[in-house]
$ cat final-v5.cif   # mmCIF, C-alpha atoms and all ligand atoms
data_entry
loop_
_atom_site.label_atom_id
_atom_site.label_comp_id
_atom_site.auth_asym_id
_atom_site.auth_seq_id
_atom_site.Cartn_x
_atom_site.Cartn_y
_atom_site.Cartn_z
CA MET A 122 39.77 48.48 57.38
CA PRO A 123 42.75 48.48 59.70
CA THR A 124 43.55 45.13 61.24
CA PRO A 125 43.31 44.88 65.04
CA GLU A 126 47.12 44.72 65.13
CA ALA A 127 47.42 48.01 63.27
CA THR A 128 45.35 49.86 65.86
CA SER A 129 46.95 48.31 68.94
CA SER A 130 49.05 50.49 71.21
CA GLN A 131 52.14 48.62 69.97
CA SER A 132 51.76 50.21 66.54
CA GLN A 133 51.98 53.64 68.21
CA ALA A 134 55.16 52.83 70.12
CA ARG A 135 57.88 55.43 69.88
CA PRO A 136 61.07 54.02 68.38
CA VAL A 137 64.42 54.54 70.11
CA LEU A 138 66.39 57.01 68.00
CA ASN A 139 69.55 57.12 70.06
CA ILE A 140 71.13 56.03 73.33
CA ILE A 141 73.64 58.51 74.70
CA THR A 142 76.02 58.19 77.64
CA ALA A 143 76.12 61.15 80.05
CA THR A 144 79.36 63.11 80.45
CA GLN A 145 80.96 63.28 83.90
CA LEU A 146 82.27 66.59 85.15
CA LYS A 147 82.92 68.72 88.22
CA GLU A 148 80.47 71.61 88.43
CA GLY A 149 81.32 74.87 90.19
CA ALA A 150 83.93 74.43 92.89
CA GLY A 151 84.04 70.66 92.41
CA PHE A 152 80.58 69.12 92.71
CA PRO A 153 80.63 65.79 90.81
CA VAL A 154 77.89 65.73 88.17
CA ARG A 155 76.71 63.31 85.50
CA ARG A 156 75.29 65.38 82.64
CA PRO A 157 73.02 63.70 80.08
CA PHE A 158 72.82 67.05 78.20
CA PRO A 159 73.81 69.53 76.98
CA THR A 160 76.78 67.73 75.46
CA ALA A 161 78.50 67.98 72.07
CA GLU A 162 76.39 65.02 70.97
CA LEU A 163 73.14 66.37 72.38
CA PRO A 164 73.15 70.18 72.71
CA LEU A 165 69.42 70.59 73.37
CA LEU A 166 66.32 68.49 73.93
CA ASP A 167 63.76 71.23 73.23
CA PRO A 168 62.07 72.37 75.52
CA PHE A 169 64.68 71.00 77.97
CA LEU A 170 67.99 72.85 78.22
CA LEU A 171 69.94 70.80 80.75
CA LEU A 172 69.76 67.77 83.01
CA ASP A 173 72.35 67.19 85.74
CA GLU A 174 72.53 64.23 88.07
CA MET A 175 74.15 65.73 91.17
CA GLY A 176 76.32 63.10 92.80
CA PRO A 177 75.81 60.62 94.28
CA VAL A 178 78.61 61.87 96.48
CA THR A 179 79.37 61.52 100.18
CA TRP A 180 80.95 64.65 101.62
CA ALA A 181 83.31 64.67 104.58
CA PRO A 182 82.46 67.10 107.43
CA GLY A 183 82.96 70.70 106.29
CA GLU A 184 83.49 69.77 102.62
CA ALA A 185 80.01 69.84 101.07
CA LEU A 186 79.79 72.23 98.12
CA GLY A 187 76.91 74.23 96.70
CA ALA A 188 76.17 77.15 94.41
CA PRO A 189 76.29 80.51 96.23
CA ASP A 190 74.31 83.56 95.02
CA HIS A 191 73.89 83.60 91.24
CA PRO A 192 71.20 84.89 88.84
CA HIS A 193 68.89 83.19 86.32
CA ARG A 194 66.62 84.60 83.61
CA GLY A 195 64.48 83.11 80.86
CA PHE A 196 63.81 79.56 82.05
CA GLU A 197 62.87 77.31 84.98
CA THR A 198 65.13 75.30 87.28
CA VAL A 199 63.71 72.14 88.81
CA THR A 200 65.54 70.49 91.69
CA TYR A 201 64.59 66.95 92.72
CA LEU A 202 66.56 65.54 95.61
CA LEU A 203 66.91 61.79 96.24
CA GLU A 204 69.31 61.90 99.17
CA GLY A 205 70.71 64.57 101.47
CA HIS A 206 69.64 68.09 102.39
CA MET A 207 69.89 71.34 100.45
CA GLN A 208 68.87 74.86 101.37
CA HIS A 209 67.56 77.38 98.89
CA ARG A 210 67.17 81.14 99.23
CA ASP A 211 66.30 83.71 96.62
CA SER A 212 65.95 87.43 96.00
CA ALA A 213 62.13 87.19 96.02
CA GLY A 214 62.35 86.22 99.69
CA HIS A 215 61.74 82.48 99.25
CA ARG A 216 63.52 80.03 101.48
CA GLY A 217 63.24 76.31 101.23
CA ASP A 218 64.74 73.13 102.58
CA LEU A 219 64.99 70.23 100.16
CA ARG A 220 65.09 66.73 101.58
CA PRO A 221 64.73 63.34 99.86
CA ALA A 222 61.98 63.29 97.20
CA ASP A 223 61.13 66.99 97.68
CA VAL A 224 60.80 69.06 94.53
CA GLN A 225 61.53 72.72 94.00
CA TRP A 226 60.19 74.15 90.75
CA MET A 227 61.58 77.67 90.32
CA THR A 228 60.45 79.79 87.40
CA ALA A 229 63.20 82.38 87.06
CA GLY A 230 61.23 84.35 84.44
CA ALA A 231 62.49 87.95 84.30
CA GLY A 232 65.16 87.17 86.86
CA VAL A 233 66.05 86.04 90.34
CA VAL A 234 69.24 85.70 92.31
CA HIS A 235 69.32 82.48 94.30
CA SER A 236 71.64 80.25 96.27
CA GLU A 237 71.60 76.44 96.33
CA MET A 238 73.66 75.27 99.29
CA PRO A 239 74.10 72.12 101.34
CA GLY A 240 72.02 72.05 104.51
CA ASP A 241 73.76 73.26 107.68
CA ASP A 242 73.74 69.74 109.14
CA LEU A 243 75.20 68.26 105.95
CA LEU A 244 77.95 70.86 105.89
CA ARG A 245 78.78 70.32 109.56
CA ASP A 246 78.56 66.53 109.76
CA GLY A 247 79.15 65.47 106.16
CA GLY A 248 76.94 62.95 104.39
CA PRO A 249 75.48 61.98 101.03
CA ILE A 250 73.93 64.13 98.31
CA HIS A 251 72.14 62.75 95.27
CA GLY A 252 69.58 64.42 93.08
CA PHE A 253 68.71 66.09 89.82
CA GLN A 254 68.53 69.52 88.35
CA LEU A 255 66.52 70.08 85.19
CA TRP A 256 66.34 73.31 83.20
CA VAL A 257 63.08 73.84 81.33
CA ASN A 258 63.04 76.59 78.72
CA LEU A 259 60.30 79.22 78.72
CA PRO A 260 58.52 80.33 75.55
CA ALA A 261 59.58 83.81 74.32
CA ALA A 262 56.22 85.17 75.51
CA ASN A 263 56.90 83.96 79.09
CA LYS A 264 60.61 84.65 79.49
CA MET A 265 60.02 87.93 81.31
CA MET A 266 57.15 86.69 83.52
CA PRO A 267 57.38 87.44 87.25
CA PRO A 268 59.46 84.83 89.08
CA ARG A 269 57.50 81.97 90.65
CA TYR A 270 58.49 79.40 93.22
CA GLN A 271 56.82 76.06 93.95
CA ASP A 272 58.23 74.07 96.85
CA ILE A 273 56.56 70.67 97.04
CA PRO A 274 57.45 68.30 99.89
CA ALA A 275 57.76 64.60 99.14
CA SER A 276 54.52 63.89 101.01
CA ARG A 277 52.58 65.95 98.47
CA ILE A 278 54.14 64.46 95.32
CA PRO A 279 51.49 62.12 93.89
CA GLN A 280 52.57 58.49 93.60
CA ALA A 281 51.08 55.51 91.82
CA GLN A 282 51.75 51.82 91.51
CA SER A 283 50.76 49.18 88.97
CA ASP A 284 48.36 46.44 90.07
CA ASP A 285 51.16 43.89 90.36
CA GLY A 286 53.41 46.34 92.22
CA SER A 287 56.27 46.07 89.72
CA VAL A 288 55.93 49.69 88.53
CA SER A 289 56.06 52.61 90.98
CA VAL A 290 56.04 56.20 89.81
CA ARG A 291 56.37 59.61 91.40
CA VAL A 292 54.38 62.05 89.29
CA ILE A 293 56.32 65.29 89.52
CA ALA A 294 54.72 66.79 86.40
CA GLY A 295 52.18 65.40 83.96
CA GLN A 296 50.31 62.17 84.48
CA ALA A 297 51.00 58.43 84.88
CA LEU A 298 48.94 55.41 85.92
CA ALA A 299 45.86 57.68 86.05
CA VAL A 300 47.48 59.98 88.65
CA GLN A 301 47.85 63.70 87.96
CA ALA A 302 50.72 65.90 89.16
CA LEU A 303 50.25 68.78 91.56
CA ILE A 304 52.85 71.16 90.19
CA ASP A 305 51.69 73.85 87.79
CA THR A 306 54.00 74.20 84.77
CA VAL A 307 54.13 77.07 82.25
CA ILE A 308 54.17 74.68 79.29
CA PRO A 309 52.84 71.13 79.68
CA ILE A 310 55.72 69.03 80.99
CA THR A 311 55.90 65.36 81.88
CA PHE A 312 58.45 64.58 84.63
CA LEU A 313 58.15 61.07 86.06
CA HIS A 314 60.42 59.08 88.35
CA PHE A 315 59.92 55.36 87.75
CA SER A 316 61.10 52.61 90.12
CA LEU A 317 60.78 49.32 88.26
CA GLN A 318 61.08 45.81 89.63
CA ALA A 319 61.97 42.52 87.92
CA GLY A 320 59.56 41.70 85.10
CA ALA A 321 58.06 45.19 84.98
CA ARG A 322 56.53 46.33 81.71
CA HIS A 323 55.08 49.81 81.34
CA GLU A 324 53.58 51.71 78.46
CA GLN A 325 53.57 55.43 79.10
CA ALA A 326 51.31 57.54 76.93
CA VAL A 327 52.90 60.81 75.83
CA PRO A 328 51.26 63.37 73.50
CA ALA A 329 52.39 62.73 69.93
CA GLY A 330 53.97 66.14 69.35
CA TYR A 331 56.22 66.06 72.42
CA ASN A 332 59.93 65.41 72.56
CA VAL A 333 60.60 62.51 74.93
CA PHE A 334 63.63 61.05 76.62
CA ALA A 335 64.39 58.70 79.48
CA TYR A 336 67.42 58.86 81.75
CA VAL A 337 68.37 55.64 83.54
CA PHE A 338 70.23 56.28 86.81
CA ALA A 339 70.23 52.85 88.42
CA GLY A 340 70.08 49.33 86.98
CA LYS A 341 69.08 48.88 83.36
CA ALA A 342 65.97 48.79 81.20
CA ARG A 343 64.88 48.03 77.64
CA PHE A 344 62.97 50.51 75.54
CA GLY A 345 60.67 50.48 72.53
CA GLU A 346 59.36 47.55 70.51
CA LYS A 347 62.92 46.51 69.68
CA ALA A 348 63.80 46.42 73.39
CA ARG A 349 67.02 48.43 73.13
CA GLN A 350 68.89 48.38 76.42
CA ALA A 351 70.13 51.39 78.34
CA VAL A 352 72.12 51.19 81.56
CA ALA A 353 72.65 53.65 84.42
CA GLY A 354 74.11 56.90 83.10
CA GLN A 355 72.49 56.59 79.67
CA SER A 356 69.73 58.64 78.05
CA VAL A 357 67.27 57.22 75.56
CA ILE A 358 65.96 59.58 72.89
CA PHE A 359 62.64 58.58 71.32
CA GLY A 360 61.24 59.25 67.85
CA LYS A 361 57.68 60.01 66.91
CA GLY A 362 54.77 57.98 68.21
CA GLU A 363 52.52 57.89 71.23
CA ASN A 364 53.60 55.33 73.81
CA VAL A 365 56.96 54.77 75.40
CA ILE A 366 57.48 51.08 76.16
CA ILE A 367 59.73 50.13 79.09
CA ASP A 368 60.70 46.55 80.02
CA VAL A 369 62.83 45.62 83.01
CA ASP A 370 64.45 42.25 83.67
CA GLU A 371 65.97 42.96 87.10
CA SER A 372 65.41 46.50 88.38
CA ALA A 373 65.77 50.07 87.21
CA GLU A 374 65.34 53.65 88.34
CA LEU A 375 64.73 56.20 85.63
CA LEU A 376 63.36 59.62 84.83
CA LEU A 377 60.99 60.03 81.91
CA LEU A 378 60.75 63.58 80.61
CA ALA A 379 58.57 64.97 77.85
CA GLY A 380 57.43 68.36 76.60
CA PRO A 381 56.39 70.23 73.49
CA PRO A 382 59.30 71.65 71.49
CA LEU A 383 59.27 75.46 71.49
CA ASN A 384 61.05 75.72 68.13
CA GLU A 385 62.42 79.15 69.04
CA PRO A 386 66.01 80.42 68.91
CA VAL A 387 68.01 79.47 72.02
CA VAL A 388 70.86 81.77 73.04
CA ARG A 389 72.64 80.66 76.21
CA HIS A 390 75.02 82.65 78.33
CA GLY A 391 75.75 80.88 81.60
CA PRO A 392 72.73 81.42 83.86
CA PHE A 393 70.71 83.29 81.20
CA VAL A 394 68.81 81.63 78.34
CA MET A 395 67.11 84.00 75.91
CA ASN A 396 66.12 84.17 72.24
CA SER A 397 68.74 86.67 70.99
CA GLU A 398 72.20 88.09 71.77
CA THR A 399 70.58 91.46 72.42
CA GLU A 400 68.41 89.94 75.15
CA ILE A 401 71.51 88.31 76.69
CA VAL A 402 73.34 91.65 76.78
CA GLN A 403 70.24 93.14 78.45
CA ALA A 404 70.15 90.31 81.01
CA ILE A 405 73.81 90.84 81.92
CA GLN A 406 73.19 94.59 82.25
CA ASP A 407 70.01 94.13 84.31
CA HIS A 408 71.85 91.78 86.67
CA ARG A 409 74.72 94.27 87.01
CA ASP A 410 72.21 97.02 87.74
CA GLY A 411 70.69 94.94 90.53
CA LYS A 412 67.35 94.50 88.74
CA MET A 413 67.26 90.79 89.57
CA GLY A 414 67.50 91.67 93.24
CA GLU A 415 69.72 90.30 95.96
CA ILE A 416 69.34 87.81 98.78
CA ARG A 417 68.63 89.64 102.02
CA GLU A 418 70.00 88.36 105.29
CA GLY A 419 67.71 87.69 108.20
FE FE B 1 70.83 78.12 90.05
#
$ encode --input "final-v5.cif" --output "structure tokens"
Amino acid sequence: MPTPEATSSQSQARPVLNIITATQLKEGAGFPVRRPFPTAELPLLDPFLLLDEMGPVTWAPGEALGAPDHPHRGFETVTYLLEGHMQHRDSAGHRGDLRPADVQWMTAGAGVVHSEMPGDDLLRDGGPIHGFQLWVNLPAANKMMPPRYQDIPASRIPQAQSDDGSVSVRVIAGQALAVQALIDTVIPITFLHFSLQAGARHEQAVPAGYNVFAYVFAGKARFGEKARQAVAGQSVIFGKGENVIIDVDESAELLLLAGPPLNEPVVRHGPFVMNSETEIVQAIQDHRDGKMGEIREG
């Protein structure tokens, strides 16, 4: 017979395998980015391909930078803004404004051309930008699916709070504190934004087969049964188990991301992520031939 201790949630806690500091770089024309991965130390977190923390940066009037028209194929880009204003347009005719706590979940699938630019007001007047971009890989069977666009305003992102108020979570994908996300994902993804106050302790259930990591972007928190500490700018990679344990002494803001590994070949070429070199060559050709469309004015 197992002892009560052996069947407690503690025994299922995922251990911390590694704590990795994000690299800092300038993306595109000079947008400051903190990049948890891919890095030399952490090339892939299957099914996640990339996580960028955009800013925080405060632009002077006329200086705000963005990413003008460019294509994507084979994966999904998720933009989650914390501060500022961005404008999105794509070749499928979608237009969207992203403001604090809005989420844009774009499934590039077979291919889109899109632009991700600062809002007109931000460009004119200057101001802060802070947010995240996550790239979620698509299974081989879904890489050529028709593009899909989900634009979810902050008011529709489900939120939950613990009874004592020390744990607040925005449920962007998946489930937390008995609240279910609204966004429909191709593969089951967990994407949670936790705001944790002094003395907070949270156990987040995550399906056993998923890869899981946390990215701390403000304050600090301790993870797992051994309470290993990670500070802002660090990612925590978890091993096998069921629950992720988070303890906070002062305060912390973090993202918790989880998903099932695809275990398929990953061939990256800039904005295209496919399963083979041949498919990359095809993607480059299809983009050149205009098969991913163009952004129409008006
Ligand atoms: Fe893009």
$ closest_residue --input "final-v5.cif" --among "A:Pro381, A:Gly248, A:Pro153, A:Gly232" --to "Arg269 of chain A" --atoms "only C-alpha atoms"
A:Gly232
$ residues_near_ligand --input "final-v5.cif" --ligand "ligand FE 1 (chain B)" --cutoff "7 Å" --atoms "all atoms listed in the file" --output "PyMOL selection string"
chain A and resi 188+191-193+198+235-237
$ atom_distance --input "final-v5.cif" --atom1 "atom CA of Val387 of chain A" --atom2 "atom CA of Ala262 of chain A"
13.6 Å
$ residues_around --input "final-v5.cif" --residues "segment 281-283 of chain A" --least-positions-apart "2" --cutoff "9 Å" --atoms "all atoms listed in the file" --output "number ranges by chain"
A: 279, 285-292, 297-300, 323
$ atom_distance --input "final-v5.cif" --atom1 "atom CA of Thr179 of chain A" --atom2 "atom CA of Ser356 of chain A"
24.3 Å
$ residues_around --input "final-v5.cif" --residues "Pro168 of chain A" --least-positions-apart "4" --cutoff "8 Å" --atoms "only C-alpha atoms" --output "list in words"
Val257, Asn258, Leu259, Asn332, Gly380, Pro381, Pro382 and Leu383 of chain A
$ closest_residue --input "final-v5.cif" --among "A:Leu170, A:Ile308, A:Met238, A:Val224" --to "Val388 of chain A" --atoms "all atoms listed in the file"
A:Leu170
$ closest_residue --input "final-v5.cif" --among "A:Ala181, A:Asn384, A:Gly230, A:Pro268" --to "Arg245 of chain A" --atoms "all atoms listed in the file"
A:Ala181
$ atom_distance --input "final-v5.cif" --atom1 "atom CA of Pro221 of chain A" --atom2 "atom CA of Gly252 of chain A"
8.4 Å
$ residues_near_point --input "final-v5.cif" --point "(62.8, 62.5, 79.3)" --cutoff "10 Å" --atoms "all atoms listed in the file" --output "list in words"
Leu166, Phe169, Leu172, Ile310, Thr311, Phe312, Leu313, His314, Asn332, Val333, Phe334, Ala335, Tyr336, Val337, Ser356, Val357, Ile358, Phe359, Leu375, Leu376, Leu377, Leu378, Ala379 and Gly380 of chain A
$ residues_near_point --input "final-v5.cif" --point "(73.2, 66.7, 99.3)" --cutoff "10 Å" --atoms "all atoms listed in the file" --output "MDAnalysis selection string"
chainID A and resid 175:180 185:187 202:208 219:221 238:240 243:244 247:252
$ write_last_selection --input "final-v5.cif" --atoms "C-alpha atoms" --output "compact mmCIF listing (two decimals), keeping the file's coordinate frame"
# COMPACT_ATOMS: atom_id res chain seq x y z
CA MET A 175 74.15 65.73 91.17
CA GLY A 176 76.32 63.10 92.80
CA PRO A 177 75.81 60.62 94.28
CA VAL A 178 78.61 61.87 96.48
CA THR A 179 79.37 61.52 100.18
CA TRP A 180 80.95 64.65 101.62
CA ALA A 185 80.01 69.84 101.07
CA LEU A 186 79.79 72.23 98.12
CA GLY A 187 76.91 74.23 96.70
CA LEU A 202 66.56 65.54 95.61
CA LEU A 203 66.91 61.79 96.24
CA GLU A 204 69.31 61.90 99.17
CA GLY A 205 70.71 64.57 101.47
CA HIS A 206 69.64 68.09 102.39
CA MET A 207 69.89 71.34 100.45
CA GLN A 208 68.87 74.86 101.37
CA LEU A 219 64.99 70.23 100.16
CA ARG A 220 65.09 66.73 101.58
CA PRO A 221 64.73 63.34 99.86
CA MET A 238 73.66 75.27 99.29
CA PRO A 239 74.10 72.12 101.34
CA GLY A 240 72.02 72.05 104.51
CA LEU A 243 75.20 68.26 105.95
CA LEU A 244 77.95 70.86 105.89
CA GLY A 247 79.15 65.47 106.16
CA GLY A 248 76.94 62.95 104.39
CA PRO A 249 75.48 61.98 101.03
CA ILE A 250 73.93 64.13 98.31
CA HIS A 251 72.14 62.75 95.27
CA GLY A 252 69.58 64.42 93.08
$ residues_around --input "final-v5.cif" --residues "segment 398-403 of chain A" --least-positions-apart "3" --cutoff "12 Å" --atoms "only C-alpha atoms" --output "list in words"
His193, Arg194, Gly195, Ala231, Gly232, Ala261, Lys264, Met265, Pro386, Val387, Val388, Arg389, His390, Gly391, Pro392, Phe393, Val394, Met395, Gln406, Asp407, His408, Arg409, Asp410, Lys412 and Met413 of chain A
$ residues_around --input "final-v5.cif" --residues "Ala161 of chain A" --least-positions-apart "3" --cutoff "12 Å" --atoms "all atoms listed in the file" --output "PyMOL selection string"
chain A and resi 141-144+156-158+164-165
$ closest_residue --input "final-v5.cif" --among "A:Thr306, A:Ala373, A:Ile367, A:Ser397" --to "Val137 of chain A" --atoms "all atoms listed in the file"
A:Ile367
$ closest_residue --input "final-v5.cif" --among "A:Glu363, A:Asp368, A:Asp305, A:Glu385" --to "Met227 of chain A" --atoms "all atoms listed in the file"
A:Asp305
$ closest_residue --input "final-v5.cif" --among "A:Glu371, A:Asp167, A:Asp242, A:Glu415" --to "Leu317 of chain A" --atoms "all atoms listed in the file"
A:Glu371
$ build_atoms --input "final-v5.cif" --residues "segment 174-199 of chain A" --atoms "N, CA, C and O atoms" --output "mmCIF file, in the frame of the given file"
data_model
loop_
_atom_site.group_PDB
_atom_site.id
_atom_site.type_symbol
_atom_site.label_atom_id
_atom_site.label_comp_id
_atom_site.auth_asym_id
_atom_site.auth_seq_id
_atom_site.Cartn_x
_atom_site.Cartn_y
_atom_site.Cartn_z
ATOM 1 N N GLU A 174 72.663 65.106 86.901
ATOM 2 C CA GLU A 174 72.530 64.230 88.070
ATOM 3 C C GLU A 174 73.612 64.657 89.046
ATOM 4 O O GLU A 174 74.808 64.514 88.769
ATOM 5 N N MET A 175 73.198 65.222 90.170
ATOM 6 C CA MET A 175 74.150 65.730 91.170
ATOM 7 C C MET A 175 74.565 64.567 92.067
ATOM 8 O O MET A 175 73.729 63.953 92.723
ATOM 9 N N GLY A 176 75.835 64.246 92.051
ATOM 10 C CA GLY A 176 76.320 63.100 92.800
ATOM 11 C C GLY A 176 75.903 61.810 92.100
ATOM 12 O O GLY A 176 75.719 61.831 90.880
ATOM 13 N N PRO A 177 75.733 60.699 92.829
ATOM 14 C CA PRO A 177 75.810 60.620 94.280
ATOM 15 C C PRO A 177 77.239 60.836 94.785
ATOM 16 O O PRO A 177 78.193 60.349 94.181
ATOM 17 N N VAL A 178 77.323 61.586 95.872
ATOM 18 C CA VAL A 178 78.610 61.870 96.480
ATOM 19 C C VAL A 178 78.408 61.861 97.989
ATOM 20 O O VAL A 178 77.318 62.186 98.459
ATOM 21 N N THR A 179 79.430 61.432 98.714
ATOM 22 C CA THR A 179 79.370 61.520 100.180
ATOM 23 C C THR A 179 80.451 62.493 100.632
ATOM 24 O O THR A 179 81.636 62.253 100.429
ATOM 25 N N TRP A 180 80.016 63.612 101.181
ATOM 26 C CA TRP A 180 80.950 64.650 101.620
ATOM 27 C C TRP A 180 81.486 64.333 103.012
ATOM 28 O O TRP A 180 80.760 63.824 103.867
ATOM 29 N N ALA A 181 82.742 64.712 103.229
ATOM 30 C CA ALA A 181 83.310 64.670 104.580
ATOM 31 C C ALA A 181 82.832 65.915 105.329
ATOM 32 O O ALA A 181 82.406 66.894 104.706
ATOM 33 N N PRO A 182 82.883 65.912 106.665
ATOM 34 C CA PRO A 182 82.460 67.100 107.430
ATOM 35 C C PRO A 182 83.168 68.351 106.915
ATOM 36 O O PRO A 182 84.380 68.344 106.686
ATOM 37 N N GLY A 183 82.399 69.416 106.705
ATOM 38 C CA GLY A 183 82.960 70.700 106.290
ATOM 39 C C GLY A 183 83.277 70.811 104.806
ATOM 40 O O GLY A 183 83.711 71.863 104.348
ATOM 41 N N GLU A 184 83.059 69.747 104.030
ATOM 42 C CA GLU A 184 83.490 69.770 102.620
ATOM 43 C C GLU A 184 82.366 69.948 101.603
ATOM 44 O O GLU A 184 82.634 70.164 100.427
ATOM 45 N N ALA A 185 81.117 69.813 102.034
ATOM 46 C CA ALA A 185 80.010 69.840 101.070
ATOM 47 C C ALA A 185 79.990 71.164 100.298
ATOM 48 O O ALA A 185 80.173 72.236 100.869
ATOM 49 N N LEU A 186 79.768 71.059 98.990
ATOM 50 C CA LEU A 186 79.790 72.230 98.120
ATOM 51 C C LEU A 186 78.385 72.543 97.616
ATOM 52 O O LEU A 186 77.539 71.664 97.503
ATOM 53 N N GLY A 187 78.178 73.811 97.288
ATOM 54 C CA GLY A 187 76.910 74.230 96.700
ATOM 55 C C GLY A 187 77.151 75.347 95.716
ATOM 56 O O GLY A 187 78.278 75.576 95.284
ATOM 57 N N ALA A 188 76.080 76.032 95.344
ATOM 58 C CA ALA A 188 76.170 77.150 94.410
ATOM 59 C C ALA A 188 75.696 78.405 95.129
ATOM 60 O O ALA A 188 74.502 78.613 95.328
ATOM 61 N N PRO A 189 76.671 79.262 95.559
ATOM 62 C CA PRO A 189 76.290 80.510 96.230
ATOM 63 C C PRO A 189 75.555 81.453 95.270
ATOM 64 O O PRO A 189 75.402 81.136 94.086
ATOM 65 N N ASP A 190 75.154 82.605 95.762
ATOM 66 C CA ASP A 190 74.310 83.560 95.020
ATOM 67 C C ASP A 190 74.679 83.693 93.540
ATOM 68 O O ASP A 190 75.820 84.039 93.212
ATOM 69 N N HIS A 191 73.714 83.435 92.693
ATOM 70 C CA HIS A 191 73.890 83.600 91.240
ATOM 71 C C HIS A 191 72.517 83.859 90.613
ATOM 72 O O HIS A 191 71.496 83.450 91.171
ATOM 73 N N PRO A 192 72.482 84.537 89.455
ATOM 74 C CA PRO A 192 71.200 84.890 88.840
ATOM 75 C C PRO A 192 70.723 83.838 87.834
ATOM 76 O O PRO A 192 71.501 82.973 87.406
ATOM 77 N N HIS A 193 69.444 83.913 87.471
ATOM 78 C CA HIS A 193 68.890 83.190 86.320
ATOM 79 C C HIS A 193 67.854 84.083 85.659
ATOM 80 O O HIS A 193 67.164 84.853 86.343
ATOM 81 N N ARG A 194 67.728 83.955 84.347
ATOM 82 C CA ARG A 194 66.620 84.600 83.610
ATOM 83 C C ARG A 194 66.267 83.744 82.396
ATOM 84 O O ARG A 194 67.144 83.224 81.722
ATOM 85 N N GLY A 195 64.955 83.653 82.142
ATOM 86 C CA GLY A 195 64.480 83.110 80.860
ATOM 87 C C GLY A 195 64.060 81.659 80.860
ATOM 88 O O GLY A 195 63.650 81.150 79.818
ATOM 89 N N PHE A 196 64.171 80.979 82.026
ATOM 90 C CA PHE A 196 63.810 79.560 82.050
ATOM 91 C C PHE A 196 63.436 79.144 83.471
ATOM 92 O O PHE A 196 63.311 79.990 84.354
ATOM 93 N N GLU A 197 63.248 77.841 83.666
ATOM 94 C CA GLU A 197 62.870 77.310 84.980
ATOM 95 C C GLU A 197 63.944 76.319 85.438
ATOM 96 O O GLU A 197 64.482 75.562 84.618
ATOM 97 N N THR A 198 64.241 76.320 86.727
ATOM 98 C CA THR A 198 65.130 75.300 87.280
ATOM 99 C C THR A 198 64.316 74.409 88.203
ATOM 100 O O THR A 198 63.564 74.901 89.054
ATOM 101 N N VAL A 199 64.454 73.112 88.004
ATOM 102 C CA VAL A 199 63.710 72.140 88.810
ATOM 103 C C VAL A 199 64.729 71.289 89.559
ATOM 104 O O VAL A 199 65.599 70.672 88.935
#
